[in-house]
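Asker: For reference, the structure I am asking about is given below.
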Amino acid sequence: MNLLLYFFLRKIFVKLDFTEKYIYLRKGVILCRFGLIPLSNIVRVTVERSLIMRIFDAKKITVFTVRGKITFYLRKSEPLPFLPEIRSVSLKPRFSELLFGAFADTRALGGIALLAAFLRRLSKLFGGEYFDGVISAISDTAETLTNALSVLHIAVPKIAAVLAVFVLTAWSLAFARKLLRLANLRAARHGNLLRVQSGVITLYEHTLVLNSAAAVMISPLSAVLAKRAPIYLRGVMVFPFAPVKTAPKIIQTLCGIPLENTPRIKPPRSSFFGFCAAPFWWSVGLSAALVFVYLSDSLRSAMLLKTALYCALIISLYAVLVCFVYMRHSGISAGKCSVSVSQRRSLRIFTNIVPRGTITEKTLSQSVFQMHDDLCNCKLALAERTRLKARLLPRSEVESRL
């Protein structure tokens with residue numbers, strides 16, 4: 001619908017003007033929406049060309065600022081006058097590096113949402129027969145898995161096998177989609193701009209402004225153990241496979257942020273319980289619930305309940321392990337030109353590398369339990385309304401270095 005209204009009929013529904021300082025956009029005829037963006041506020045421009053757009057020689061442009069965005073359509077041959085051409089040599093990773101980047105960036109929950117949306121659209125377009133066929137295939141695969149494990153004298157409830165096959169299928173679908181999106185990734189920098197191109201079926205071209213953005217390394221447990229991580233800038237993956245030793249050089253080359261080799265302020269070992277308290281108590285509670293189920297005569301045969309408790313217990317124990325590993329990689333590194341903050345979010349560790357000049361506020365806080373060991377939480381506010389937080393750090397070291 002958007003392609004029809006705002007591309008084929010854009011002479012009726014769209015008014016777009018480029019001036020030396022602003023982009024003016026109006027959409028609609030009766031109910032109009034207006035957008036006015038100063039060129040100085042632009043932080044990212046994304047050009048997207050899906051398969052249908054490529055057939056009709058169209059492209060979708062999304063202009064991002066710190067506080068909002070506007071979207072419009074142009075023909076492929078129509079240039080964006082406020083973006084210069086970048087002819088620098090591109091940095092292009094190998095296919096094995098793209099595989100690692102897609103693997104590290106794929107999440108099971110996102111895959112489940114993607115598979116659910118796919119099945120819903122499949123049932124709407126082709127009827128319920130195809131939907132039932134996919135569900136039947138998942139059920140048959142789970143039954144085959146259950147029979148194979150029973151040969152090895154491993155008893156697995158069928159509902160657990162169905163859930164495992166469904167999650168694995170969803171993750172595989174999300175991984176394939178991510179890999180297609182990252183294919184042919186290449187990045188080239190020209191002055192204060194970084195252009196990232198990727199995609200096979202849908203082509204993407206991101207132009208990022210290198211003014212006050214933080215480079216981010218997002219690492220799941222597999223990436224931490226492999227000592228490698230993908231690098232992001234303004235939500236765009238600019239390099240999929242950065243070894244820890246060479247990551248500072250890649251970040252300085254692509255993102256223009258110098259990263260000094262300074263020692264990291266780490267949480268002490270005594271603060272381990274502060275990192276794993278939530279998943280630890282969840283593990284204790286779930287273990288107690290399992291003991292109660294096995295001792296109760298009325299609940300002993302409830303296989304669905306026991307399967308759910310076992311799955312939740314495994315996830316909680318895995319979270320405890322992840323917190324233990326991430327504690328060693330958390331903390332703050334403060335140099336003369338940049339600051340690196342590593343913090344855990346969910347089951348991933350985020351390392352933000354920011355120019356020191358973009359930090360607008362520093363806050364140290366202590367709880368009652370942290371005062372005994374003289375620990376503190378450090379919060380940094382950045383110019384682009386971003387807040388970073390490092391927990392359970394020695395207060396004296398933070399005050400002396402930051």
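Residues in the structure tokens are named by chain (A, B, ... in the order shown) and by number from 1 within that chain; ligands are numbered from 1 in the order shown.
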Determine which residues of range 47-80 of chain A DSSP labels as alpha helix (DSSP H) from the backbone of this structure, then write them out as number ranges by chain.

Answerer: A: 51-55

Asker: Can you work out the spacing between CA of Pro267 in chain A and CA of Phe280 in chain A in Å, to one decimal?

Answerer: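 So the two atoms, CA of Pro267 in chain A and CA of Phe280 in chain A, lie 18.4 Å apart.
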
Asker: Could you state the separation of CA of Ser287 in chain A and CA of Leu347 in chain A in Å, given to one decimal place?

Answerer: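 Taking CA of Ser287 in chain A and CA of Leu347 in chain A, their separation equals 21.2 Å.
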
Asker: For Ser283 in chain A, please output as a PyMOL selection string all residues within 9 Å (counting only C-alpha atoms; exclusion window: fewer than 4 positions along the same chain).

Answerer: chain A and resi 278-279+287-288+312-317+320

Asker: Restricting the calculation to only C-alpha atoms, which member of A:Ile349, A:Leu182, A:Ala390, A:Cys32 is positioned closest to Leu98 in chain A?

Answerer: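 Using only C-alpha atoms, the shortest distance to Leu98 in chain A belongs to A:Leu182.
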